[in-house]
Amino acid sequence: MKLFFATLLLCSLLLSSEPVMAQSWFCAGKCKARCARAGFQGRCIKYCGICCQKCKCVPSGTYGNKHQCPCYRDKKNSKGRPKCP
């Protein structure tokens with residue numbers, strides 16, 4: 001009986017996390033392309049990933065084009081500077 005509930009719990013966790021995983025793969029690919037020419041790639045990919053998860057989009061190219069994704073463009077850090085690379 002315990003095995004049945006453990007299997008049921010595992011299946012429900014896997015099924016509920018599928019959209020998040022799909023979104024993560026989307027963001028990872030888009031952010032890798034966006035940050036390809038960044039001087040600090042680790043930091044660029046980190047903040048791009050945060051912005052992508054919240055905004056569900058990443059502008060094309062390695063710089064600029066933020067008009068393609070207003071949410072991404074308008075995110076600011078605590079100092080009022082752009083948060084998203």
# chains A, B, ... in the order shown; residues from 1 in each chain; ligands from 1

$ residues_around --residues "segment 48-64 of chain A" --least-positions-apart "5" --cutoff "10 Å" --atoms "only C-alpha atoms" --output "ChimeraX atom specification"
/A:20,23-24,26-38,42-43,69-73,75,83-85

$ write_last_selection --atoms "N, CA, C and O atoms" --output "short mmCIF file (atom, residue, chain, number, x, y, z; two decimals), in the first residue's frame"
data_model
loop_
_atom_site.label_atom_id
_atom_site.label_comp_id
_atom_site.auth_asym_id
_atom_site.auth_seq_id
_atom_site.Cartn_x
_atom_site.Cartn_y
_atom_site.Cartn_z
N VAL A 20 6.57 23.69 -16.00
CA VAL A 20 7.70 24.45 -15.49
C VAL A 20 8.97 24.01 -16.18
O VAL A 20 9.80 24.81 -16.57
N GLN A 23 9.04 25.41 -19.66
CA GLN A 23 9.38 26.83 -19.62
C GLN A 23 10.87 27.01 -19.35
O GLN A 23 11.51 27.88 -19.92
N SER A 24 11.44 26.19 -18.48
CA SER A 24 12.86 26.29 -18.17
C SER A 24 13.71 26.02 -19.40
O SER A 24 14.70 26.70 -19.63
N PHE A 26 12.79 26.45 -22.50
CA PHE A 26 12.58 27.60 -23.39
C PHE A 26 13.50 28.74 -22.97
O PHE A 26 14.21 29.31 -23.79
N CYS A 27 13.47 29.07 -21.69
CA CYS A 27 14.27 30.18 -21.18
C CYS A 27 15.76 29.89 -21.30
O CYS A 27 16.54 30.79 -21.65
N ALA A 28 16.16 28.68 -21.03
CA ALA A 28 17.59 28.34 -21.08
C ALA A 28 18.14 28.56 -22.49
O ALA A 28 19.20 29.17 -22.66
N GLY A 29 17.41 28.12 -23.49
CA GLY A 29 17.86 28.28 -24.87
C GLY A 29 17.88 29.74 -25.30
O GLY A 29 18.84 30.22 -25.92
N LYS A 30 16.81 30.46 -24.97
CA LYS A 30 16.72 31.87 -25.35
C LYS A 30 17.80 32.69 -24.64
O LYS A 30 18.42 33.56 -25.24
N CYS A 31 18.01 32.42 -23.36
CA CYS A 31 19.00 33.19 -22.60
C CYS A 31 20.43 32.85 -23.02
O CYS A 31 21.30 33.72 -23.00
N LYS A 32 20.66 31.62 -23.39
CA LYS A 32 22.00 31.25 -23.86
C LYS A 32 22.33 32.04 -25.12
O LYS A 32 23.43 32.57 -25.27
N ALA A 33 21.35 32.16 -26.02
CA ALA A 33 21.56 32.94 -27.24
C ALA A 33 21.69 34.43 -26.92
O ALA A 33 22.55 35.12 -27.47
N ARG A 34 20.86 34.93 -26.02
CA ARG A 34 20.88 36.35 -25.66
C ARG A 34 22.21 36.74 -25.02
O ARG A 34 22.73 37.84 -25.24
N CYS A 35 22.78 35.86 -24.23
CA CYS A 35 23.99 36.16 -23.47
C CYS A 35 25.28 35.64 -24.13
O CYS A 35 26.34 35.65 -23.50
N ALA A 36 25.19 35.22 -25.36
CA ALA A 36 26.33 34.60 -26.04
C ALA A 36 27.56 35.51 -26.08
O ALA A 36 28.69 35.03 -26.01
N ARG A 37 27.37 36.80 -26.18
CA ARG A 37 28.51 37.72 -26.29
C ARG A 37 28.73 38.55 -25.03
O ARG A 37 29.52 39.49 -25.04
N ALA A 38 28.06 38.21 -23.95
CA ALA A 38 28.18 38.97 -22.70
C ALA A 38 29.55 38.74 -22.06
O ALA A 38 30.12 37.66 -22.14
N GLY A 42 27.65 34.11 -16.90
CA GLY A 42 26.92 33.50 -15.78
C GLY A 42 25.88 34.45 -15.21
O GLY A 42 24.73 34.09 -14.98
N ARG A 43 26.30 35.68 -14.97
CA ARG A 43 25.39 36.68 -14.42
C ARG A 43 24.30 37.04 -15.43
O ARG A 43 23.14 37.17 -15.08
N CYS A 69 9.68 42.83 -26.15
CA CYS A 69 9.17 42.26 -24.91
C CYS A 69 9.10 43.36 -23.85
O CYS A 69 10.04 43.54 -23.07
N PRO A 70 8.00 44.11 -23.79
CA PRO A 70 7.89 45.24 -22.86
C PRO A 70 8.09 44.86 -21.39
O PRO A 70 8.70 45.62 -20.63
N CYS A 71 7.59 43.72 -20.97
CA CYS A 71 7.77 43.29 -19.58
C CYS A 71 9.26 43.16 -19.27
O CYS A 71 9.75 43.63 -18.25
N TYR A 72 9.99 42.51 -20.15
CA TYR A 72 11.44 42.31 -20.01
C TYR A 72 12.14 43.67 -19.98
O TYR A 72 13.03 43.91 -19.18
N ARG A 73 11.72 44.57 -20.85
CA ARG A 73 12.31 45.91 -20.94
C ARG A 73 12.09 46.73 -19.68
O ARG A 73 12.97 47.46 -19.23
N LYS A 75 11.46 45.81 -16.46
CA LYS A 75 11.90 45.33 -15.16
C LYS A 75 13.11 46.14 -14.69
O LYS A 75 14.04 46.37 -15.44
N LYS A 83 16.93 45.55 -15.11
CA LYS A 83 17.30 44.28 -14.48
C LYS A 83 17.67 43.24 -15.52
O LYS A 83 18.55 42.42 -15.31
N CYS A 84 16.99 43.28 -16.64
CA CYS A 84 17.13 42.23 -17.64
C CYS A 84 18.18 42.61 -18.69
O CYS A 84 18.14 43.71 -19.23
N PRO A 85 19.10 41.68 -18.98
CA PRO A 85 20.17 41.97 -19.96
C PRO A 85 19.67 42.01 -21.39
O PRO A 85 18.67 41.50 -21.74
#

$ atom_distance --atom1 "atom CA of Gly80 of chain A" --atom2 "atom CA of Phe40 of chain A"
20.5 Å
